[in-house]
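Pasted below: model12.cif, mmCIF, C-alpha atoms.
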data_structure
loop_
_atom_site.label_atom_id
_atom_site.label_comp_id
_atom_site.auth_asym_id
_atom_site.auth_seq_id
_atom_site.Cartn_x
_atom_site.Cartn_y
_atom_site.Cartn_z
CA MET A 1 26.59 -43.35 -43.82
CA LEU A 2 23.54 -41.30 -42.82
CA TYR A 3 20.59 -40.75 -45.14
CA CYS A 4 18.30 -37.75 -45.37
CA CYS A 5 15.33 -37.26 -47.64
CA GLY A 6 16.31 -40.31 -49.71
CA LYS A 7 19.91 -39.05 -50.09
CA ASN A 8 23.05 -39.77 -48.17
CA GLN A 9 24.07 -37.05 -45.72
CA ASP A 10 27.06 -35.92 -47.80
CA ALA A 11 24.86 -35.31 -50.87
CA ALA A 12 22.26 -33.46 -48.78
CA GLU A 13 24.98 -31.24 -47.25
CA ARG A 14 26.46 -30.47 -50.70
CA GLU A 15 22.98 -29.56 -51.96
CA ASN A 16 22.50 -27.15 -49.04
CA GLU A 17 25.91 -25.59 -49.75
CA VAL A 18 24.86 -24.93 -53.34
CA ILE A 19 21.62 -23.24 -52.23
CA MET A 20 23.27 -21.09 -49.55
CA GLY A 21 25.34 -18.19 -50.85
CA GLN A 22 23.54 -17.91 -54.19
CA PHE A 23 23.46 -14.12 -53.88
CA ASP A 24 27.02 -13.50 -52.68
CA HIS A 25 27.85 -11.74 -55.98
CA LEU A 26 25.45 -8.89 -55.21
CA ASN A 27 27.03 -5.60 -54.14
CA VAL A 28 26.29 -1.89 -54.58
CA ALA A 29 28.16 -1.78 -57.92
CA PHE A 30 26.20 -4.74 -59.32
CA PHE A 31 23.04 -2.63 -59.46
CA THR A 32 24.71 0.03 -61.63
CA LYS A 33 24.67 -2.39 -64.60
CA ALA A 34 20.93 -2.10 -65.32
CA SER A 35 17.88 -0.47 -63.81
CA ILE A 36 15.86 -3.72 -64.04
CA TYR A 37 17.45 -7.11 -63.63
CA PRO A 38 15.51 -10.41 -63.70
CA GLY A 39 17.06 -13.66 -62.57
CA SER A 40 16.36 -17.20 -61.49
CA ILE A 41 17.82 -20.14 -59.65
CA GLY A 42 16.02 -23.04 -61.24
CA THR A 43 12.33 -22.39 -60.62
CA PHE A 44 12.96 -19.62 -58.05
CA ARG A 45 12.41 -16.34 -59.89
CA TYR A 46 13.45 -12.87 -58.74
CA ARG A 47 13.62 -9.36 -60.16
CA PHE A 48 15.42 -6.19 -59.07
CA GLN A 49 14.58 -2.61 -59.94
CA ARG A 50 16.69 0.31 -58.84
CA GLU A 51 15.48 3.86 -58.41
CA GLY A 52 17.83 6.79 -57.99
CA TRP A 53 21.54 6.33 -57.51
CA THR A 54 24.10 5.36 -54.86
CA ASP A 55 23.96 8.77 -53.18
CA GLY A 56 22.10 7.37 -50.17
CA LYS A 57 18.71 8.26 -51.65
CA GLY A 58 18.45 5.35 -54.10
CA THR A 59 16.30 2.28 -53.50
CA LEU A 60 16.24 -1.32 -54.65
CA THR A 61 12.89 -3.05 -55.01
CA VAL A 62 13.08 -6.84 -55.10
CA TRP A 63 10.34 -9.23 -56.17
CA VAL A 64 10.19 -13.02 -55.89
CA TYR A 65 7.58 -15.02 -57.77
CA GLU A 66 6.61 -18.43 -59.07
CA ASN A 67 8.06 -20.15 -62.12
CA THR A 68 6.49 -18.01 -64.85
CA SER A 69 7.10 -14.63 -66.42
CA PHE A 70 6.97 -11.65 -64.08
CA GLU A 71 4.02 -10.21 -65.99
CA LEU A 72 1.94 -13.39 -65.51
CA ALA A 73 2.99 -14.13 -61.94
CA LYS A 74 0.25 -14.28 -59.30
CA ASP A 75 2.23 -15.36 -56.22
CA VAL A 76 4.45 -12.28 -55.91
CA GLU A 77 6.22 -10.91 -52.86
CA SER A 78 8.21 -7.67 -52.88
CA GLN A 79 10.22 -5.49 -50.58
CA THR A 80 12.13 -2.22 -51.00
CA PHE A 81 15.59 -1.65 -49.54
CA PRO A 82 17.97 1.33 -49.44
CA TRP A 83 20.66 1.22 -52.16
CA THR A 84 23.53 1.16 -49.69
CA GLU A 85 26.00 -1.50 -48.51
CA GLU A 86 23.67 -2.30 -45.60
CA GLY A 87 20.65 -2.36 -47.91
CA VAL A 88 22.35 -4.80 -50.29
CA GLU A 89 23.15 -7.08 -47.32
CA GLN A 90 19.45 -6.93 -46.41
CA VAL A 91 18.53 -7.79 -50.02
CA LYS A 92 20.80 -10.85 -49.93
CA ALA A 93 19.41 -12.02 -46.58
CA TRP A 94 15.80 -11.54 -47.77
CA LEU A 95 16.45 -13.46 -50.99
CA GLU A 96 18.14 -16.31 -49.08
CA GLU A 97 15.12 -16.43 -46.75
CA LYS A 98 12.65 -16.49 -49.67
CA LEU A 99 14.69 -19.15 -51.50
CA ALA A 100 14.60 -21.32 -48.37
CA GLU A 101 10.82 -20.77 -47.99
CA ARG A 102 9.86 -21.26 -51.63
CA GLY A 103 12.51 -23.76 -52.64
CA SER A 104 13.76 -24.38 -56.14
CA GLN A 105 13.70 -27.23 -58.60
CA PRO A 106 15.82 -27.59 -61.72
CA TYR A 107 14.10 -25.68 -64.49
CA SER A 108 12.35 -27.79 -67.11
CA ILE A 109 9.81 -27.13 -69.83
CA PRO A 110 6.73 -29.33 -69.38
CA TYR A 111 5.98 -31.51 -72.37
CA PRO A 112 3.44 -31.55 -73.68
CA ALA A 113 2.85 -27.93 -72.75
CA PRO A 114 -0.26 -27.29 -70.62
CA LYS A 115 -3.20 -25.76 -72.46
CA ALA A 116 -3.75 -22.04 -71.98
CA GLU A 117 -6.76 -21.05 -69.91
#
Kindly transcribe the structure held in the file into structure tokens.
Amino acid sequence: MLYCCGKNQDAAERENEVIMGQFDHLNVAFFTKASIYPGSIGTFRYRFQREGWTDGKGTLTVWVYENTSFELAKDVESQTFPWTEEGVEQVKAWLEEKLAERGSQPYSIPYPAPKAE
């Protein structure tokens, strides 16, 4: 059995399968549910905001940020995409790329909580 990163190869491959395809549920209709939608995969945080409608003029702005609230985040990246089938595919690809770059850990609340600055 092969080992990678302290894990056997089968476990590492299963972990990669879980990470890949995390955004497959996104489609044009998904963004009709709310104008702002926050989400996370463990410590990987993201946020969507739609403008307009699906008439070819609408846009989707997507942010990714560190494991904190959006309002307090300092390490923020964003990009705007057209609200079309092609645009949603671009959103999914961009989010997969950012998830691979930033990584994710299971979410946990530090105890004791760090002191506020």
Within 7 Å of region 92-96 of chain A using all atoms listed in the file, minus same-chain residues under 4 positions, as an MDAnalysis selection string: chainID A and resid 23 88 100
Find the residues around region 62-65 of chain A up to 9 Å (only C-alpha atoms counted), leave out those fewer than 6 positions away in its own chain, and share them as a list in words. Phe44, Arg45, Tyr46, Arg47, Phe48, Gln49, Arg50, Ala73, Lys74, Asp75, Val76, Glu77, Ser78, Gln79, Thr80, Phe81, Val91, Leu95, Lys98 and Leu99 of chain A
Tell me which of A:Asn27, A:Tyr37, A:Thr43, A:Glu51 sits closest to Arg102 (chain A), counting all atoms listed in the file.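 Counting all atoms listed in the file, the residue closest to Arg102 (chain A) is A:Thr43.
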Can you work out which one of A:Glu101, A:Glu66, A:Ser40, A:Phe30 has the shortest atom-to-atom distance to Glu85 (chain A), counting all atoms listed in the file?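 Answer, going by the shortest atom-to-atom distance: A:Phe30.
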Between CA of Thr54 (chain A) and CA of Glu71 (chain A), what is the distance in Å, rounded to a tenth?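 So the answer is 27.7 Å.
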How far is it from CA of Ser69 (chain A) to CA of His25 (chain A), in Å with one decimal?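 Taking CA of Ser69 (chain A) and CA of His25 (chain A), their separation equals 23.4 Å.
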Measuring between only C-alpha atoms, which one of A:Pro112, A:Gly87, A:Gly21, A:Gly56 shows the shortest distance to Ile41 (chain A)?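 Among the listed residues, the smallest separation from Ile41 (chain A) belongs to A:Gly21.
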Quick one: distance from CA of Gly58 (chain A) to CA of Trp83 (chain A) in Å, one decimal?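 These two atoms are separated by 5.1 Å.
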Axis-aligned box over every listed atom of region 20-29 of chain A, padded by 3 Å per side: centre and edges in Å to one decimal, as JSON?
{"center_x": 25.7, "center_y": -11.4, "center_z": -53.7, "size_x": 10.9, "size_y": 25.3, "size_z": 14.4}
Which residue gives the smallest distance to Ser35 (chain A) among A:Lys115, A:Pro106, A:Trp53, A:Leu72, with only C-alpha atoms counted? A:Trp53
Which of A:Phe70, A:Thr32, A:Leu60, A:Gly52 sits closest to Glu89 (chain A) [using only C-alpha atoms]: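 Counting only C-alpha atoms, the residue closest to Glu89 (chain A) is A:Leu60.
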